[in-house]
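This report concerns only the one structure given below.
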Protein chains: 2
Amino acid sequence: MVVGCIPEWDSKILLCRRAIEPRHGKWTLPAGYLENGETVAEGAVRETYEEARARVEKLTPYALYNICYVNQVYFMFRACLVDKRFKPGSESLEVKLFAENEIPWESIAFRVLQETLIQYFKDRSTGQFPFHTGEILSNDLVNV
Amino acid sequence: MVVGCIPEWDSKILLCRRAIEPRHGKWTLPAGYLENGETVAEGAVRETYEEARARVEKLTPYALYNICYVNQVYFMFRACLVDKRFKPGSESLEVKLFAENEIPWESIAFRVLQETLIQYFKDRSTGQFPFHTGEILSNDLVNV
């Protein structure tokens with residue numbers, strides 16, 4: 001199970017550029033494998049600190065994506081950055097806040113995160129963030 | 001990861017009495033381990049058929065419970081029974097529809113399912129079913 005979040009600051013969100021394979025150099029939301037003994041929310045907080053040295057709070061469950069062809073389940077939260085302090089952790093080359101019109105859609109690391117972001121901005125335009133589930137059938141990015 | 005559902009029929013819900021250990025003879029919602037290659041919703045549908053020979057549709061994500069002390073995550077849906085055909089599968093002694101005032105609170109198999117049911121009836125009294133997350137710290141049942 002992979003857990004992660006969309007860290008929000010004003011109307012921007014935090015992305016990390018991967019310093020590791022696969023998808024070295026591509027942009028990702030903070031996310032990684034749930035570890036033993038932690039809740040899904042604790043895992044998302046930990047991954048955000050490891051990858052972006054950022055602290056998040058007020059986590060709200062946002063989406064579950066099934067990726068059956070690799071037997072993975074992604075569980076994503078929305079989250080608020082506690083402050084504007086962040087910097088690359090050991091798995092990141094760069095960490096940066098992006099407004100919606102600045103998102104590097106062609107350089108997102110994984111389809112599941114691209115789907116999460118597309119859904120997020122769609123919901124944000126309505127002001128409603130219901131919980132979503134979906135299935136990812138391939139890792140090819142969609143054209144946004 | 002464990003997946004399951006609350007099968008609804010009119011204002012009743014379907015419970016199964018366990019034919020297997022642990023908690024032989026106690027009542028449970030249909031739930032079991034997610035298998036490789038299936039989505040969480042498919043897993044919940046499969047478990048419902050295996051345990052109660054019942055078909056469910058219109059699954060809505062309802063709650064995620066962390067049970068860190070056994071490294072489990074429960075993901076529960078609400079679901080609609082397709083028809084009133086059900087009977088015990090090989091893991092059940094008995095399968096039965098219960099109105100809220102008939103729920104055998106003292107004989108629910110696992111605390112996580114008791115919490116799911118408490119939350120469910122609380123939400124039902126308001127008509128709103130937001131997605132919930134929670135943490136289960138012990139398997140002792142609460143007094144309802």
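Each chain in the structure tokens gets a letter, A, B and so on, in the order shown; residues start at 1 in every chain, and ligands are counted from 1 in the order they appear.
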
*Pick out each residue of stretch 3-143 of chain A that DSSP on the backbone tags as strand (DSSP E); I need them as a ChimeraX atom specification.*
/A:3-9,12-18,27-28,31-33,56-67,72-81,92-98,132-135

Could you please tell me, as a PDB file with C-alpha atoms, in the first residue's frame, which residues of chain B have an atom within 6 Å of chain A when using only C-alpha atoms?
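Dumped everything to selection17.pdb:
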```pdb
ATOM      1  CA  ASN B  36      -3.738  -9.939  -6.118  1.00  0.00           C
ATOM      2  CA  GLY B  37      -5.212  -8.549  -9.327  1.00  0.00           C
ATOM      3  CA  GLU B  38      -8.488  -7.260  -7.909  1.00  0.00           C
ATOM      4  CA  THR B  39      -9.616  -3.767  -6.961  1.00  0.00           C
ATOM      5  CA  ASN B  66      -5.935   1.375  10.761  1.00  0.00           C
ATOM      6  CA  CYS B  68      -1.482  -0.805  13.589  1.00  0.00           C
ATOM      7  CA  ASN B  71      -0.375  -4.110  10.706  1.00  0.00           C
TER       8      ASN B  71
END
```

*Have a look at A:Glu115, A:Glu47, A:Glu94, A:Glu100 and name the one nearest to A:Val2; count only C-alpha atoms.*
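Residue with the minimum atom-to-atom distance to A:Val2: A:Glu47.
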
*Separation of atom CA of B:Ser138 from atom CA of B:Pro104, in Å and rounded to one decimal*: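 Separation of atom CA of B:Ser138 and atom CA of B:Pro104: 19.5 Å.
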
*Pick out the residues sitting within 12 Å of B:Leu117, and hand them over as JSON, numbers by chain; count only C-alpha atoms, and ignore anything fewer than 4 positions along from it in its own chain.*
{"B": [5, 6, 7, 8, 12, 13, 14, 15, 27, 28, 29, 62, 63, 76, 77, 78, 98, 99, 100, 103, 104, 105, 108, 109, 110, 111, 112, 113, 121, 122, 123, 124, 141, 142, 144]}

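Going from atom CA of A:Phe75 to atom CA of A:Gly127 covers 21.0 Å.
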
*Give me, please, the distance in Å between atom CA of B:Leu81 and atom CA of B:Ala54, quoted to one decimal.*
7.1 Å

*Residue set, stretch 51-88 of chain A restricted to helix (DSSP H, G or I), as number ranges by chain*: A: 51-52, 68-70

For N, CA, C and O atoms, I'd like the residues from the last selection saved as a PDB file, in the first residue's frame.
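Result file follows (result-v8.pdb):
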```pdb
ATOM      1  N   GLU A  51      10.683  13.272   1.808  1.00  0.00           N
ATOM      2  CA  GLU A  51      10.940  13.697   0.432  1.00  0.00           C
ATOM      3  C   GLU A  51      11.082  15.209   0.282  1.00  0.00           C
ATOM      4  O   GLU A  51      11.764  15.682  -0.629  1.00  0.00           O
ATOM      5  N   ALA A  52      10.411  15.952   1.166  1.00  0.00           N
ATOM      6  CA  ALA A  52      10.359  17.416   0.968  1.00  0.00           C
ATOM      7  C   ALA A  52      10.745  18.186   2.226  1.00  0.00           C
ATOM      8  O   ALA A  52      10.695  19.426   2.222  1.00  0.00           O
ATOM      9  N   CYS A  68      -3.995  -2.591 -10.273  1.00  0.00           N
ATOM     10  CA  CYS A  68      -4.028  -4.051 -10.135  1.00  0.00           C
ATOM     11  C   CYS A  68      -2.870  -4.735 -10.848  1.00  0.00           C
ATOM     12  O   CYS A  68      -2.401  -5.771 -10.391  1.00  0.00           O
ATOM     13  N   TYR A  69      -2.403  -4.147 -11.954  1.00  0.00           N
ATOM     14  CA  TYR A  69      -1.376  -4.862 -12.726  1.00  0.00           C
ATOM     15  C   TYR A  69      -0.028  -4.888 -12.013  1.00  0.00           C
ATOM     16  O   TYR A  69       0.858  -5.645 -12.390  1.00  0.00           O
ATOM     17  N   VAL A  70       0.125  -4.083 -10.969  1.00  0.00           N
ATOM     18  CA  VAL A  70       1.315  -4.203 -10.108  1.00  0.00           C
ATOM     19  C   VAL A  70       0.908  -4.486  -8.651  1.00  0.00           C
ATOM     20  O   VAL A  70       1.732  -4.378  -7.735  1.00  0.00           O
TER      21      VAL A  70
END
```

_Selection near B:His24, 10 Å with only C-alpha atoms, sequence-local residues under 4 positions removed, as a list in words_ = Arg17, Arg18, Ala19, Ile20, Glu91, Ser92, Leu93 and Ala109 of chain B
